[in-house]
file structure-v9.cif (mmCIF, C-alpha atoms and all ligand atoms)
data_query
#
loop_
_atom_site.group_PDB
_atom_site.id
_atom_site.type_symbol
_atom_site.label_atom_id
_atom_site.label_comp_id
_atom_site.auth_asym_id
_atom_site.auth_seq_id
_atom_site.Cartn_x
_atom_site.Cartn_y
_atom_site.Cartn_z
ATOM 1 C CA LEU T 1 89.725 89.094 94.616
ATOM 2 C CA ILE T 2 92.493 89.036 97.202
ATOM 3 C CA GLN T 3 94.305 85.751 97.692
ATOM 4 C CA ILE T 4 95.728 85.338 101.199
ATOM 5 C CA GLU T 5 98.661 82.967 101.718
ATOM 6 C CA PRO T 6 100.363 82.474 105.080
ATOM 7 C CA HIS T 7 104.111 81.761 104.838
ATOM 8 C CA GLY T 8 105.118 81.366 108.472
ATOM 9 C CA ALA T 9 105.256 84.863 109.985
ATOM 10 C CA VAL T 10 104.791 86.478 106.556
ATOM 11 C CA ARG T 11 101.309 86.991 105.132
ATOM 12 C CA LEU T 12 101.280 87.218 101.345
ATOM 13 C CA LEU T 13 98.353 89.156 99.842
ATOM 14 C CA ARG T 14 97.927 88.680 96.110
ATOM 15 C CA LEU T 15 95.771 91.123 94.132
ATOM 16 C CA ASN T 16 93.766 88.595 92.197
ATOM 17 C CA ARG T 17 91.831 89.914 89.225
ATOM 18 C CA PRO T 18 94.410 89.053 86.591
ATOM 19 C CA ASP T 19 92.013 89.215 83.612
ATOM 20 C CA ALA T 20 91.540 92.941 84.324
ATOM 21 C CA LEU T 21 95.229 93.588 85.199
ATOM 22 C CA ASN T 22 94.116 93.617 88.858
ATOM 23 C CA ALA T 23 92.248 96.883 88.325
ATOM 24 C CA PHE T 24 90.469 97.840 91.545
ATOM 25 C CA THR T 25 86.724 97.514 91.996
ATOM 26 C CA ALA T 26 84.974 98.624 95.172
ATOM 27 C CA ALA T 27 84.616 94.973 96.235
ATOM 28 C CA MET T 28 88.311 94.325 95.700
ATOM 29 C CA LEU T 29 89.368 97.426 97.637
ATOM 30 C CA GLY T 30 87.072 96.340 100.481
ATOM 31 C CA GLN T 31 88.646 92.879 100.525
ATOM 32 C CA LEU T 32 92.169 94.305 100.485
ATOM 33 C CA ARG T 33 91.367 96.497 103.456
ATOM 34 C CA GLN T 34 89.834 93.541 105.309
ATOM 35 C CA ALA T 35 92.908 91.448 104.560
ATOM 36 C CA LEU T 36 95.145 94.182 106.013
ATOM 37 C CA GLU T 37 92.873 94.487 109.083
ATOM 38 C CA ALA T 38 93.091 90.731 109.621
ATOM 39 C CA ALA T 39 96.889 90.740 109.257
ATOM 40 C CA ALA T 40 97.134 93.650 111.710
ATOM 41 C CA ALA T 41 94.954 91.791 114.214
ATOM 42 C CA ASP T 42 96.856 88.498 113.949
ATOM 43 C CA ALA T 43 99.726 88.484 116.468
ATOM 44 C CA THR T 44 101.574 85.741 114.554
ATOM 45 C CA THR T 45 101.839 87.887 111.410
ATOM 46 C CA ARG T 46 105.066 89.905 111.515
ATOM 47 C CA CYS T 47 105.289 91.125 107.919
ATOM 48 C CA VAL T 48 102.881 91.609 104.994
ATOM 49 C CA LEU T 49 103.932 91.077 101.382
ATOM 50 C CA ILE T 50 101.711 92.385 98.569
ATOM 51 C CA THR T 51 101.963 91.315 94.930
ATOM 52 C CA GLY T 52 99.749 90.882 91.876
ATOM 53 C CA ALA T 53 98.487 87.773 90.072
ATOM 54 C CA GLY T 54 99.227 87.485 86.356
ATOM 55 C CA ARG T 55 101.154 90.008 84.264
ATOM 56 C CA ALA T 56 100.317 93.209 86.188
ATOM 57 C CA PHE T 57 100.626 94.493 89.747
ATOM 58 C CA SER T 58 97.536 96.684 89.316
ATOM 59 C CA ALA T 59 96.158 98.969 86.590
ATOM 60 C CA GLY T 60 94.651 101.191 89.320
ATOM 61 C CA GLN T 61 90.985 102.036 89.541
ATOM 62 C CA ASP T 62 88.835 99.925 87.201
ATOM 63 C CA LEU T 63 87.630 102.623 84.840
ATOM 64 C CA ALA T 64 84.748 100.442 83.672
ATOM 65 C CA ASP T 65 83.360 100.308 87.226
ATOM 66 C CA PRO T 66 79.953 102.043 87.304
ATOM 67 C CA HIS T 67 81.067 103.952 90.440
ATOM 68 C CA VAL T 68 83.538 106.000 88.393
ATOM 69 C CA ALA T 69 82.839 105.524 84.674
ATOM 70 C CA PRO T 70 81.318 108.723 83.273
ATOM 71 C CA SER T 71 78.048 108.025 81.495
ATOM 72 C CA ARG T 72 78.261 108.540 77.730
ATOM 73 C CA GLU T 73 74.571 109.310 77.462
ATOM 74 C CA PRO T 74 74.069 112.919 76.373
ATOM 75 C CA GLY T 75 72.779 114.988 79.280
ATOM 76 C CA ALA T 76 73.558 112.310 81.894
ATOM 77 C CA ALA T 77 74.417 113.679 85.340
ATOM 78 C CA PRO T 78 78.155 113.587 86.146
ATOM 79 C CA LYS T 79 79.230 111.239 88.951
ATOM 80 C CA ASP T 80 81.031 112.129 92.154
ATOM 81 C CA ILE T 81 84.146 110.001 91.865
ATOM 82 C CA GLY T 82 85.506 111.510 95.107
ATOM 83 C CA HIS T 83 83.164 109.109 96.825
ATOM 84 C CA MET T 84 85.429 106.186 95.882
ATOM 85 C CA LEU T 85 88.382 107.956 97.465
ATOM 86 C CA ASP T 86 86.526 108.842 100.681
ATOM 87 C CA HIS T 87 85.073 105.380 101.181
ATOM 88 C CA TYR T 88 87.707 103.045 99.759
ATOM 89 C CA TYR T 89 91.112 104.500 98.880
ATOM 90 C CA ILE T 90 91.647 106.800 101.861
ATOM 91 C CA PRO T 91 90.850 104.164 104.522
ATOM 92 C CA LEU T 92 93.041 101.709 102.628
ATOM 93 C CA ALA T 93 95.986 104.111 102.334
ATOM 94 C CA LEU T 94 95.700 104.986 106.030
ATOM 95 C CA ARG T 95 95.526 101.338 107.053
ATOM 96 C CA LEU T 96 98.590 100.537 104.959
ATOM 97 C CA ARG T 97 100.594 103.382 106.482
ATOM 98 C CA SER T 98 99.677 102.469 110.068
ATOM 99 C CA MET T 99 100.202 98.716 109.942
ATOM 100 C CA PRO T 100 101.840 97.379 113.123
ATOM 101 C CA VAL T 101 104.168 95.318 110.902
ATOM 102 C CA PRO T 102 106.326 96.218 107.890
ATOM 103 C CA VAL T 103 104.701 95.978 104.461
ATOM 104 C CA VAL T 104 106.694 94.928 101.385
ATOM 105 C CA ALA T 105 105.428 95.301 97.812
ATOM 106 C CA ALA T 106 106.671 92.923 95.111
ATOM 107 C CA VAL T 107 105.678 94.710 91.918
ATOM 108 C CA ASN T 108 105.488 91.941 89.348
ATOM 109 C CA GLY T 109 104.267 93.992 86.366
ATOM 110 C CA VAL T 110 102.732 97.329 85.491
ATOM 111 C CA ALA T 111 101.493 99.479 88.387
ATOM 112 C CA ALA T 112 99.312 102.363 87.163
ATOM 113 C CA GLY T 113 97.388 105.127 88.900
ATOM 114 C CA ALA T 114 96.219 104.082 92.340
ATOM 115 C CA GLY T 115 98.065 100.787 91.765
ATOM 116 C CA ALA T 116 101.380 102.647 91.598
ATOM 117 C CA ASN T 117 100.628 104.898 94.555
ATOM 118 C CA LEU T 118 99.489 102.016 96.742
ATOM 119 C CA ALA T 119 102.828 100.331 96.006
ATOM 120 C CA PHE T 120 104.733 103.545 96.818
ATOM 121 C CA GLY T 121 102.836 103.688 100.125
ATOM 122 C CA CYS T 122 104.369 100.366 101.200
ATOM 123 C CA ASP T 123 107.515 100.358 103.350
ATOM 124 C CA LEU T 124 109.871 98.579 100.967
ATOM 125 C CA VAL T 125 109.156 98.165 97.256
ATOM 126 C CA LEU T 126 110.872 95.601 95.035
ATOM 127 C CA ALA T 127 109.990 95.344 91.355
ATOM 128 C CA ALA T 128 110.652 92.960 88.496
ATOM 129 C CA GLU T 129 112.825 94.489 85.769
ATOM 130 C CA SER T 130 109.911 94.123 83.349
ATOM 131 C CA ALA T 131 107.581 96.020 85.684
ATOM 132 C CA SER T 132 106.778 99.694 85.220
ATOM 133 C CA PHE T 133 105.066 102.541 87.053
ATOM 134 C CA ILE T 134 102.691 105.087 85.516
ATOM 135 C CA GLN T 135 100.998 108.107 87.064
ATOM 136 C CA ALA T 136 98.161 107.571 84.602
ATOM 137 C CA PHE T 137 95.950 110.256 86.113
ATOM 138 C CA SER T 138 96.858 113.218 83.899
ATOM 139 C CA ARG T 139 96.042 111.127 80.843
ATOM 140 C CA ILE T 140 92.393 111.021 81.915
ATOM 141 C CA GLY T 141 92.058 114.509 83.345
ATOM 142 C CA LEU T 142 92.689 113.739 87.016
ATOM 143 C CA ILE T 143 95.320 114.449 89.672
ATOM 144 C CA PRO T 144 97.428 111.777 91.395
ATOM 145 C CA ASP T 145 95.380 110.279 94.222
ATOM 146 C CA CYS T 146 95.750 107.474 96.738
ATOM 147 C CA GLY T 147 98.552 109.513 98.351
ATOM 148 C CA GLY T 148 100.355 110.383 95.115
ATOM 149 C CA THR T 149 100.437 114.124 95.746
ATOM 150 C CA TRP T 150 101.986 113.522 99.176
ATOM 151 C CA LEU T 151 104.261 110.614 98.332
ATOM 152 C CA LEU T 152 105.822 111.546 95.006
ATOM 153 C CA ALA T 153 107.632 114.747 95.977
ATOM 154 C CA ARG T 154 108.779 113.156 99.225
ATOM 155 C CA LEU T 155 110.205 110.179 97.351
ATOM 156 C CA VAL T 156 111.882 111.912 94.412
ATOM 157 C CA GLY T 157 111.722 115.700 94.989
ATOM 158 C CA ARG T 158 109.391 118.240 93.401
ATOM 159 C CA ALA T 159 111.001 118.447 89.962
ATOM 160 C CA LYS T 160 110.837 114.718 89.223
ATOM 161 C CA ALA T 161 107.474 114.362 90.990
ATOM 162 C CA LEU T 162 105.970 116.957 88.669
ATOM 163 C CA GLU T 163 107.557 115.319 85.642
ATOM 164 C CA LEU T 164 106.017 111.974 86.608
ATOM 165 C CA ALA T 165 102.629 113.434 87.530
ATOM 166 C CA LEU T 166 102.213 115.882 84.646
ATOM 167 C CA LEU T 167 103.471 113.705 81.816
ATOM 168 C CA GLY T 168 102.142 110.370 83.084
ATOM 169 C CA ASP T 169 104.914 108.523 81.232
ATOM 170 C CA LYS T 170 105.767 104.894 81.920
ATOM 171 C CA VAL T 171 108.831 104.561 84.177
ATOM 172 C CA LYS T 172 110.585 101.221 84.028
ATOM 173 C CA ALA T 173 111.586 99.492 87.276
ATOM 174 C CA ALA T 174 115.323 100.165 86.918
ATOM 175 C CA GLU T 175 114.697 103.880 86.427
ATOM 176 C CA ALA T 176 112.220 103.892 89.337
ATOM 177 C CA ALA T 177 114.976 102.426 91.530
ATOM 178 C CA ALA T 178 117.529 104.969 90.267
ATOM 179 C CA LEU T 179 115.077 107.801 91.011
ATOM 180 C CA GLY T 180 114.453 106.538 94.532
ATOM 181 C CA LEU T 181 110.775 105.746 93.883
ATOM 182 C CA ILE T 182 111.369 102.110 94.892
ATOM 183 C CA SER T 183 114.081 100.147 96.702
ATOM 184 C CA ARG T 184 115.282 97.794 94.008
ATOM 185 C CA ALA T 185 114.639 96.277 90.579
ATOM 186 C CA LEU T 186 115.385 92.574 90.172
ATOM 187 C CA PRO T 187 115.439 90.075 87.299
ATOM 188 C CA ASP T 188 111.851 88.805 86.839
ATOM 189 C CA ALA T 189 112.690 85.228 87.805
ATOM 190 C CA GLU T 190 114.219 86.377 91.111
ATOM 191 C CA LEU T 191 111.518 88.800 92.254
ATOM 192 C CA MET T 192 109.281 86.579 94.363
ATOM 193 C CA ASP T 193 112.099 84.660 96.084
ATOM 194 C CA ALA T 194 113.908 87.902 96.882
ATOM 195 C CA ALA T 195 110.721 89.572 98.127
ATOM 196 C CA MET T 196 109.834 86.585 100.325
ATOM 197 C CA ALA T 197 113.387 86.433 101.717
ATOM 198 C CA LEU T 198 113.219 90.151 102.506
ATOM 199 C CA ALA T 199 109.794 89.755 104.153
ATOM 200 C CA GLN T 200 111.030 86.791 106.232
ATOM 201 C CA ARG T 201 114.064 88.825 107.271
ATOM 202 C CA LEU T 202 111.846 91.709 108.393
ATOM 203 C CA ALA T 203 109.530 89.257 110.194
ATOM 204 C CA ALA T 204 112.470 88.117 112.352
ATOM 205 C CA MET T 205 113.331 91.707 113.300
ATOM 206 C CA PRO T 206 111.904 93.760 116.214
ATOM 207 C CA THR T 207 108.519 94.487 114.608
ATOM 208 C CA ARG T 208 107.395 97.163 117.011
ATOM 209 C CA ALA T 209 110.577 99.171 116.481
ATOM 210 C CA LEU T 210 110.140 98.854 112.708
ATOM 211 C CA ALA T 211 106.562 100.185 112.817
ATOM 212 C CA GLU T 212 107.681 103.026 115.103
ATOM 213 C CA THR T 213 110.533 103.801 112.702
ATOM 214 C CA ARG T 214 108.033 104.289 109.874
ATOM 215 C CA ARG T 215 105.905 106.458 112.115
ATOM 216 C CA ALA T 216 108.837 108.579 113.284
ATOM 217 C CA LEU T 217 110.061 109.129 109.714
ATOM 218 C CA ASP T 218 106.589 110.139 108.511
ATOM 219 C CA GLU T 219 106.093 112.498 111.449
ATOM 220 C CA ALA T 220 109.563 114.018 111.040
ATOM 221 C CA MET T 221 108.603 115.072 107.481
ATOM 222 C CA ARG T 222 106.351 117.750 108.914
ATOM 223 C CA LEU T 223 108.371 118.688 111.994
ATOM 224 C CA ASP T 224 111.206 121.126 112.572
ATOM 225 C CA TYR T 225 114.522 119.707 113.769
ATOM 226 C CA GLU T 226 114.096 120.235 117.486
ATOM 227 C CA PRO T 227 110.535 118.860 117.694
ATOM 228 C CA ALA T 228 111.700 115.872 115.601
ATOM 229 C CA LEU T 229 114.561 115.241 118.041
ATOM 230 C CA LYS T 230 112.089 115.383 120.920
ATOM 231 C CA ARG T 231 109.644 113.065 119.182
ATOM 232 C CA GLU T 232 112.468 110.577 118.599
ATOM 233 C CA ALA T 233 113.326 110.764 122.266
ATOM 234 C CA ALA T 234 109.713 110.122 123.326
ATOM 235 C CA LEU T 235 109.352 107.103 121.016
ATOM 236 C CA GLN T 236 112.798 105.814 122.002
ATOM 237 C CA SER T 237 111.898 106.135 125.636
ATOM 238 C CA GLN T 238 108.864 103.870 125.091
ATOM 239 C CA LEU T 239 110.909 101.332 123.148
ATOM 240 C CA GLY T 240 113.462 101.307 125.954
ATOM 241 C CA PHE T 241 110.816 99.569 128.075
ATOM 242 C CA SER T 242 110.101 96.929 125.427
ATOM 243 C CA TYR T 243 110.937 93.250 125.584
ATOM 244 C CA ASP T 244 112.726 93.505 122.243
ATOM 245 C CA TYR T 245 115.205 96.108 123.502
ATOM 246 C CA LEU T 246 116.052 93.907 126.466
ATOM 247 C CA GLU T 247 116.376 90.891 124.181
ATOM 248 C CA GLY T 248 118.362 92.761 121.514
ATOM 249 C CA VAL T 249 120.970 94.012 123.954
ATOM 250 C CA ALA T 250 121.124 90.684 125.847
ATOM 251 C CA ALA T 251 121.632 88.755 122.590
ATOM 252 C CA PHE T 252 124.363 91.194 121.520
ATOM 253 C CA MET T 253 126.191 90.784 124.809
ATOM 254 C CA ASP T 254 125.755 86.982 124.758
ATOM 255 C CA LYS T 255 126.878 86.849 121.098
ATOM 256 C CA ARG T 256 123.720 84.927 120.103
ATOM 257 C CA LYS T 257 120.869 85.480 117.647
ATOM 258 C CA PRO T 258 118.054 87.545 119.221
ATOM 259 C CA GLU T 259 114.482 86.246 119.359
ATOM 260 C CA PHE T 260 112.204 89.240 119.037
ATOM 261 C CA LYS T 261 108.571 89.014 120.180
ATOM 262 C CA ASP T 262 107.046 92.482 120.440
ATOM 263 C CA ARG T 263 104.497 93.747 117.972
HETATM 264 C C1 LIG R 1 91.538 98.345 82.285
HETATM 265 C C2 LIG R 1 92.286 99.193 83.102
HETATM 266 C C3 LIG R 1 91.627 99.991 84.073
HETATM 267 C C4 LIG R 1 89.622 99.054 83.319
HETATM 268 C C5 LIG R 1 93.631 98.178 81.794
HETATM 269 N N1 LIG R 1 90.292 99.870 84.144
HETATM 270 N N2 LIG R 1 90.221 98.296 82.396
HETATM 271 C C6 LIG R 1 90.319 106.633 92.013
HETATM 272 C C7 LIG R 1 88.989 106.995 92.288
HETATM 273 C C8 LIG R 1 88.157 107.596 91.388
HETATM 274 C C9 LIG R 1 88.305 107.780 90.139
HETATM 275 C C10 LIG R 1 89.380 107.505 89.371
HETATM 276 O O1 LIG R 1 90.578 107.066 89.769
HETATM 277 C C11 LIG R 1 91.034 106.641 90.897
HETATM 278 C C12 LIG R 1 92.396 106.170 90.917
HETATM 279 C C13 LIG R 1 93.036 105.672 89.643
HETATM 280 O O2 LIG R 1 93.694 104.693 89.717
HETATM 281 S S1 LIG R 1 92.848 106.560 88.192
HETATM 282 C C14 LIG R 1 93.904 105.703 87.067
HETATM 283 C C15 LIG R 1 93.253 104.467 86.514
HETATM 284 N N3 LIG R 1 94.155 103.722 85.705
HETATM 285 C C16 LIG R 1 94.520 104.077 84.483
HETATM 286 O O3 LIG R 1 94.170 105.096 83.955
HETATM 287 C C17 LIG R 1 95.386 103.077 83.744
HETATM 288 C C18 LIG R 1 94.684 102.577 82.506
HETATM 289 N N4 LIG R 1 95.411 101.497 81.908
HETATM 290 C C19 LIG R 1 96.524 101.653 81.166
HETATM 291 O O4 LIG R 1 97.029 102.737 80.989
HETATM 292 C C20 LIG R 1 97.096 100.423 80.537
HETATM 293 O O5 LIG R 1 96.098 99.448 80.460
HETATM 294 C C21 LIG R 1 98.281 99.841 81.356
HETATM 295 C C22 LIG R 1 99.480 100.782 81.206
HETATM 296 C C23 LIG R 1 97.946 99.638 82.826
HETATM 297 C C24 LIG R 1 98.677 98.472 80.775
HETATM 298 O O6 LIG R 1 98.894 98.601 79.397
HETATM 299 P P1 LIG R 1 98.993 97.287 78.493
HETATM 300 O O7 LIG R 1 99.938 96.347 79.119
HETATM 301 O O8 LIG R 1 99.257 97.775 77.107
HETATM 302 O O9 LIG R 1 97.560 96.596 78.574
HETATM 303 P P2 LIG R 1 96.174 97.105 77.891
HETATM 304 O O10 LIG R 1 96.090 98.570 77.905
HETATM 305 O O11 LIG R 1 96.019 96.403 76.591
HETATM 306 O O12 LIG R 1 95.121 96.533 78.939
HETATM 307 C C25 LIG R 1 94.674 95.171 78.940
HETATM 308 C C26 LIG R 1 93.196 95.173 79.216
HETATM 309 O O13 LIG R 1 92.941 95.667 80.521
HETATM 310 C C27 LIG R 1 92.458 96.084 78.248
HETATM 311 O O14 LIG R 1 91.197 95.505 78.019
HETATM 312 P P3 LIG R 1 90.914 94.644 76.684
HETATM 313 O O15 LIG R 1 89.488 94.258 76.806
HETATM 314 O O16 LIG R 1 91.209 95.562 75.531
HETATM 315 O O17 LIG R 1 91.876 93.497 76.757
HETATM 316 C C28 LIG R 1 92.291 97.338 79.054
HETATM 317 O O18 LIG R 1 91.182 98.113 78.651
HETATM 318 C C29 LIG R 1 92.047 96.785 80.466
HETATM 319 N N5 LIG R 1 92.415 97.756 81.478
HETATM 320 N N6 LIG R 1 93.579 99.064 82.772
HETATM 321 N N7 LIG R 1 92.270 100.795 84.911
#

call {"tool": "encode", "arguments": {"input": "structure-v9.cif", "output": "structure tokens"}}
result
Amino acid sequence: LIQIEPHGAVRLLRLNRPDALNAFTAAMLGQLRQALEAAAADATTRCVLITGAGRAFSAGQDLADPHVAPSREPGAAPKDIGHMLDHYYIPLALRLRSMPVPVVAAVNGVAAGAGANLAFGCDLVLAAESASFIQAFSRIGLIPDCGGTWLLARLVGRAKALELALLGDKVKAAEAAALGLISRALPDAELMDAAMALAQRLAAMPTRALAETRRALDEAMRLDYEPALKREAALQSQLGFSYDYLEGVAAFMDKRKPEFKDR
């Protein structure tokens, strides 16, 4: 359900249930989390790239999955769909956001519901021009999950976040880029090469500093100015002792390309 392809220091994870538009089942979410765990544990992996097989990135939760599909039998007991979030989506979203390496999403087609919000939870998001994003939740009587309520307003501000979340309209990749939901939209034929080149570029950078940058930015969102300045100083102080800082400055002075190693 998740295809894992090593490309040097980049690990490509492909959501692989193309017949169902890569809609998530419990088994698939479990495999995705395991694949992220394995990438995090592998010291030779310096960047993760996530994409989808076939014509979609992911249609979000598989609504036919018995874990979430409401029974149509009259009088049948309603299901607790929060269970799926507690046991699958929350651990996955947390793992994604705390990866020791940068995570790039290459959104090759439609990303709906949890599929969209998982993509938005990645560090850099590229999308094919034919791709689109939908907060499908309101269409089926739910709220944005998988981090949507936290991510959307931070990415695009409250007014646009509410427009996206309440209306659940399809946003094309170019508009998503203009809104600041994603980094960039690219011609379809260029997406995977551009995403791999970006991932390889990140993999050659000082990985530990990149992961700490994500952490510092996320923490700063909930801090006042002075505590954020102090948190920066504490993280910077730690990085000042790192091999990569030594190497980065030495390479600059020697006018050569640095070779970063930390993770
Ligand atoms: C699907 C799905 C799908 C099953 C397409 N499931 N079959 C977390 C935890 C707990 C509870 C609930 O939610 C969550 C998080 C969530 O993600 S909730 C949001 C779930 N996702 C959606 O509501 C999106 C539903 N899908 C769509 O709106 C459309 O299919 C999109 C916009 C993704 C694609 O549209 P089209 O390109 O027009 O394709 P299509 O609609 O014709 O779909 C193709 C097939 O895939 C079709 O089956 P069929 O047998 O007719 O070929 C769809 O039924 C099936 N499919 N999404 N999520």

call {"tool": "atom_distance", "arguments": {"input": "structure-v9.cif", "atom1": "atom C3 of ligand LIG 1 (chain R)", "atom2": "CA of Asp62 in chain T"}}
result
4.2 Å

call {"tool": "resolve_selection", "arguments": {"input": "structure-v9.cif", "expression": "the PyMOL selection byres (((not hetatm)) within 8 of (chain R and resi 1))", "output": "VMD selection string"}}
result
chain T and resid 19 to 21 23 to 24 56 58 to 65 68 81 to 85 89 110 to 115 134 to 137 139 to 140 142 144 to 146 170

call {"tool": "resolve_selection", "arguments": {"input": "structure-v9.cif", "expression": "the PyMOL selection byres (((chain T and resi 201) around 12) and not hetatm)", "output": "NGL selection string"}}
result
:T and (8-10 or 46-49 or 102 or 104 or 194-200 or 202-207 or 260)

call {"tool": "resolve_selection", "arguments": {"input": "structure-v9.cif", "expression": "the PyMOL selection byres (((chain T and resi 190) around 12) and not hetatm)", "output": "ChimeraX atom specification"}}
result
/T:106-108,126-130,184-189,191-197

call {"tool": "closest_residue", "arguments": {"input": "structure-v9.cif", "among": "T:Ala105, T:Lys261, T:Arg231, T:Ala159", "to": "Gly248 in chain T", "atoms": "only C-alpha atoms"}}
result
T:Lys261

call {"tool": "closest_residue", "arguments": {"input": "structure-v9.cif", "among": "T:Leu164, T:Val249, T:Ala216, T:Met221", "to": "Ser98 in chain T", "atoms": "all atoms listed in the file"}}
result
T:Ala216

call {"tool": "atom_distance", "arguments": {"input": "structure-v9.cif", "atom1": "CA of Pro227 in chain T", "atom2": "CA of Ala153 in chain T"}}
result
22.3 Å

call {"tool": "atom_distance", "arguments": {"input": "structure-v9.cif", "atom1": "CA of Lys160 in chain T", "atom2": "CA of Asn22 in chain T"}}
result
26.9 Å

call {"tool": "residues_around", "arguments": {"input": "structure-v9.cif", "residues": "Leu155 in chain T", "least_positions_apart": "5", "cutoff": "12 Å", "atoms": "only C-alpha atoms", "output": "JSON, numbers by chain"}}
result
{"T": [117, 120, 121, 123, 147, 148, 149, 150, 160, 161, 162, 164, 176, 177, 178, 179, 180, 181, 182, 183, 218, 221]}

call {"tool": "closest_residue", "arguments": {"input": "structure-v9.cif", "among": "T:Leu96, T:Ile2, T:Leu36, T:Thr45", "to": "Arg214 in chain T", "atoms": "all atoms listed in the file"}}
result
T:Leu96

call {"tool": "closest_residue", "arguments": {"input": "structure-v9.cif", "among": "T:Thr213, T:Ser138, T:Arg208, T:Asp224", "to": "Tyr245 in chain T", "atoms": "only C-alpha atoms"}}
result
T:Arg208

call {"tool": "axis_aligned_box", "arguments": {"input": "structure-v9.cif", "around": "range 138-151 of chain T", "padding_each_side": "4 Å", "output": "AutoDock Vina command-line options"}}
result
--center_x 98.2 --center_y 111.0 --center_z 90.0 --size_x 20.2 --size_y 15.0 --size_z 26.3

call {"tool": "closest_residue", "arguments": {"input": "structure-v9.cif", "among": "T:Arg158, T:Ala211, T:Glu163, T:Glu73", "to": "Cys122 in chain T", "atoms": "only C-alpha atoms"}}
result
T:Ala211

call {"tool": "closest_residue", "arguments": {"input": "structure-v9.cif", "among": "T:His87, T:Asp169, T:Phe57, T:His7", "to": "Ala27 in chain T", "atoms": "all atoms listed in the file"}}
result
T:His87

call {"tool": "build_atoms", "arguments": {"input": "structure-v9.cif", "residues": "range 96-110 of chain T", "atoms": "N, CA and C atoms", "output": "short mmCIF file (atom, residue, chain, number, x, y, z; two decimals), in the frame of the given file"}}
result
data_model
loop_
_atom_site.label_atom_id
_atom_site.label_comp_id
_atom_site.auth_asym_id
_atom_site.auth_seq_id
_atom_site.Cartn_x
_atom_site.Cartn_y
_atom_site.Cartn_z
N LEU T 96 97.29 100.99 105.44
CA LEU T 96 98.59 100.54 104.96
C LEU T 96 99.71 101.25 105.71
N ARG T 97 99.55 102.55 105.89
CA ARG T 97 100.59 103.38 106.48
C ARG T 97 100.67 103.24 107.99
N SER T 98 99.66 102.60 108.61
CA SER T 98 99.68 102.47 110.07
C SER T 98 99.71 101.00 110.49
N MET T 99 100.13 100.14 109.57
CA MET T 99 100.20 98.72 109.94
C MET T 99 101.22 98.53 111.07
N PRO T 100 100.90 97.61 112.02
CA PRO T 100 101.84 97.38 113.12
C PRO T 100 103.05 96.55 112.69
N VAL T 101 103.06 96.13 111.43
CA VAL T 101 104.17 95.32 110.90
C VAL T 101 104.64 95.94 109.59
N PRO T 102 105.87 95.67 109.17
CA PRO T 102 106.33 96.22 107.89
C PRO T 102 105.56 95.61 106.71
N VAL T 103 105.42 96.42 105.66
CA VAL T 103 104.70 95.98 104.46
C VAL T 103 105.65 96.09 103.27
N VAL T 104 105.83 94.97 102.56
CA VAL T 104 106.69 94.93 101.38
C VAL T 104 105.81 94.78 100.16
N ALA T 105 106.13 95.52 99.08
CA ALA T 105 105.43 95.30 97.81
C ALA T 105 106.39 94.62 96.85
N ALA T 106 105.91 93.58 96.18
CA ALA T 106 106.67 92.92 95.11
C ALA T 106 105.92 93.23 93.82
N VAL T 107 106.40 94.23 93.10
CA VAL T 107 105.68 94.71 91.92
C VAL T 107 106.10 93.85 90.72
N ASN T 108 105.18 92.97 90.34
CA ASN T 108 105.49 91.94 89.35
C ASN T 108 105.26 92.39 87.91
N GLY T 109 104.56 93.51 87.72
CA GLY T 109 104.27 93.99 86.37
C GLY T 109 103.82 95.43 86.48
N VAL T 110 103.07 95.90 85.49
CA VAL T 110 102.73 97.33 85.49
C VAL T 110 101.91 97.73 86.74
#
